[in-house]
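> First, the structure itself, so that you have it in front of you.
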Amino acid sequence: MSGLSTVKLNDGLEVPVLGYGTGTALYQKEAKDSVKMAYSEAKMHHIDCAEMYQNEESVGLALKEMKVKREDVFITTKCGTADPRKSLEKSLKLLGVDQVDLYLIHSPLLVKDTGLGKAWQTMEELQKEGKTKSIGVSNYRIEDLEETLKIAKVVPSANQIEVHPYVLDKAESLIDFCHSKGIHIESYGPLSSIVRHPGGPVDPVVKKIAQELGATDGQVLLKWAHQITHGGIVVTTSSKVERLVEQIKSFTDIKDLSKEQVNAIAEAGKKEHHRVFMPHMDQ
Ligand SMILES: NC(=O)C1=CN([C@@H]2O[C@H](COP(=O)(O)OP(=O)(O)OC[C@H]3O[C@@H](n4cnc5c(N)ncnc54)[C@H](O)[C@@H]3O)[C@@H](O)[C@H]2O)C=CC1
Ligand SMILES: O=CCc1c[nH]c2ccccc12
């Protein structure tokens with residue numbers, strides 16, 4: 001796929017460690033040009049989509065116009081309704097593919113009336129039918145995972161959640177729980193401390209480590225999210241190709257943070273709490 005390293009999920013599927021998000025900076029119905037730029041110029045071959053972003057059709061067009069072979073792109077998308085089957089069938093059509101690589105329930109709140117267990121059984125059927133290689137969840141708390149695991153025949157392969165230093169106070173126990181069950185973390189919002197809450201206690205610690213490693217602040221935060229989640233997947237984005245190249249280099253050119261460096265950022269992050277998305281994760 002690309003020169004990036006991969007993370008092996010509990011079902012054996014290999015996922016490029018860095019994913020290109022289509023839900024934020026470029027959040028627009030017309031994502032085609034941005035996806036083309038990310039795929040061809042920055043070699044971001046793992047694309048993170050969602051029904052809720054309302055731009056799967058333009059992601060699909062980008063892949064079609066670039067004539068990307070199906071095996072040369074890793075596609076994640078997420079169910080945005082209470083009906084995973086109907087949602088996935090719609091997403092497959094819009095994306096122009098027969099199968100996605102990873103399918104996630106975007107939030108437990110979407111399926112709480114149907115029941116988390118029932119929604120998960122549908123996910124298992126979709127995987128059996130070959131409509132998705134791997135199945136996982138997003139924004140699930142420990143109690144949501146426990147409810148799901150009670151009936152699950154297939155343990156979710158991933159939980160995509162907000163991870164940056166200013167949510168670590170809440171996220172730490174969830175990260176550890178997922179790790180203990182073999183559920184990989186996909187971190188979204190990893191750059192939030194510099195992009196959305198600059199000027200806080202994390203900044204000087206990240207800057208110092210960036211100097212020590214010869215990296216940028218952003219690269220340090222991407223590596224931190226990967227390392228604090230026990231080698232998890234990281235989803236970021238940018239509309240600027242130079243930044244995407246820099247993000248890829250975090251995982252090809254920059255050495256790992258030491259345990260002390262990881263802990264120093266964690267400790268600084270715990271001094272404040274700033275969640276950007278999905279308030280239910282703090283309940
Ligand atoms: N499952 C879920 O509920 C959610 C999933 N996501 C997924 O994750 C993706 C990424 O989420 P974000 O929160 O945007 O990630 P992020 O925290 O990495 O922020 C990306 C933002 O940082 C800016 N940026 C990139 N590199 C930078 C640098 N070196 N210096 C300064 N600013 C820089 C970009 O312009 C972009 O606006 C989304 O597009 C979406 O696909 C995002 C939110 C919720
Ligand atoms: O995926 C998480 C939050 C998010 C980011 N962009 C959009 C657009 C529409 C719904 C949700 C989101």
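Chain labels A, B, ... are given in the sequence in which chains occur in the structure tokens; within each chain residues are numbered consecutively from 1, and ligands are likewise numbered from 1 in the order shown.
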Return as a ChimeraX atom specification the residues of protein, DNA or RNA that approach ligand 2 to within 10 Å, with only C-alpha atoms and all ligand atoms taken into account.

/A:21-29,48-55,78,80,106-107,138-139,160-162,188-189,276-278

> Report as a tab-separated table: every residue of region 203-261 of chain A with an atom at most 10 Å from region 171-186 of chain A, its closest pair of atoms, and their distance in Å to one decimal, counting only C-alpha atoms, with rows sorted by chain and ascending residue number.


residue	atom	partner	partner_atom	distance
A:Ala225	CA	A:Glu186	CA	9.0
A:His226	CA	A:Glu186	CA	8.5
A:Ile228	CA	A:Ile175	CA	8.4
A:Thr229	CA	A:Ile175	CA	6.2
A:His230	CA	A:His179	CA	7.4
A:Gly231	CA	A:His184	CA	8.4
A:Gly232	CA	A:Ile185	CA	5.1
A:Ile233	CA	A:Glu186	CA	4.5
A:Val234	CA	A:Glu186	CA	5.5
A:Val235	CA	A:Glu186	CA	6.8

> Could you give me, as number ranges by chain, the residues within 12 Å of Asp72 (chain A), counting only C-alpha atoms and dropping anything in the same chain fewer than 6 positions from it?

A: 1-3, 15-16, 39-40, 43-47, 63, 66, 101

> Selection from above, C-alpha atoms, as an mmCIF file, in the first residue's frame, can you write it?


data_model
loop_
_atom_site.group_PDB
_atom_site.id
_atom_site.type_symbol
_atom_site.label_atom_id
_atom_site.label_comp_id
_atom_site.auth_asym_id
_atom_site.auth_seq_id
_atom_site.Cartn_x
_atom_site.Cartn_y
_atom_site.Cartn_z
ATOM 1 C CA MET A 1 0.000 0.000 0.000
ATOM 2 C CA SER A 2 2.264 2.866 1.172
ATOM 3 C CA GLY A 3 5.632 2.897 2.939
ATOM 4 C CA VAL A 15 -4.165 -1.109 8.980
ATOM 5 C CA PRO A 16 -1.778 1.714 7.929
ATOM 6 C CA TYR A 39 -3.603 9.928 -1.746
ATOM 7 C CA SER A 40 -1.327 10.799 -4.625
ATOM 8 C CA LYS A 43 0.725 8.823 -0.060
ATOM 9 C CA MET A 44 -1.988 8.749 2.584
ATOM 10 C CA HIS A 45 -3.558 5.452 1.579
ATOM 11 C CA HIS A 46 -5.798 4.979 4.597
ATOM 12 C CA ILE A 47 -8.942 7.100 4.310
ATOM 13 C CA LEU A 63 -10.571 6.907 -5.990
ATOM 14 C CA MET A 66 -7.273 8.156 -9.810
ATOM 15 C CA ASP A 101 -11.885 -2.579 5.086
#

> Give me, as JSON lines, the closest atom pair and its distance (Å, one decimal) for every residue of region 64-168 of chain A within a cut-off of 10 Å of region 204-223 of chain A, counting only C-alpha atoms, rows sorted by chain and rising number.


{"residue": "A:Val163", "atom": "CA", "partner": "A:Leu222", "partner_atom": "CA", "distance": 9.9}
{"residue": "A:His164", "atom": "CA", "partner": "A:Leu221", "partner_atom": "CA", "distance": 7.6}
{"residue": "A:Pro165", "atom": "CA", "partner": "A:Leu221", "partner_atom": "CA", "distance": 8.5}

> Which neighbours of region 109-123 of chain A fall inside 6 Å, counting only C-alpha atoms, when residues of the same chain fewer than 3 positions from it are skipped, and could you give them as a list in words?

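Near region 109-123 of chain A, the qualifying residues are Thr81, Ala82, Leu126 and Thr148 of chain A.
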
> Between CA of Leu145 (chain A) and atom 6 (N, counted along the ligand's line) of ligand 1, what is the distance in Å, rounded to a tenth?

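Those two atoms sit 19.3 Å apart.
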
> For ligand 1, which of A:Ser91, A:Ser250, A:Ser157, A:Gln99 is the closest residue, counting only C-alpha atoms and all ligand atoms?

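So, comparing all the options, the nearest one is A:Ser250.
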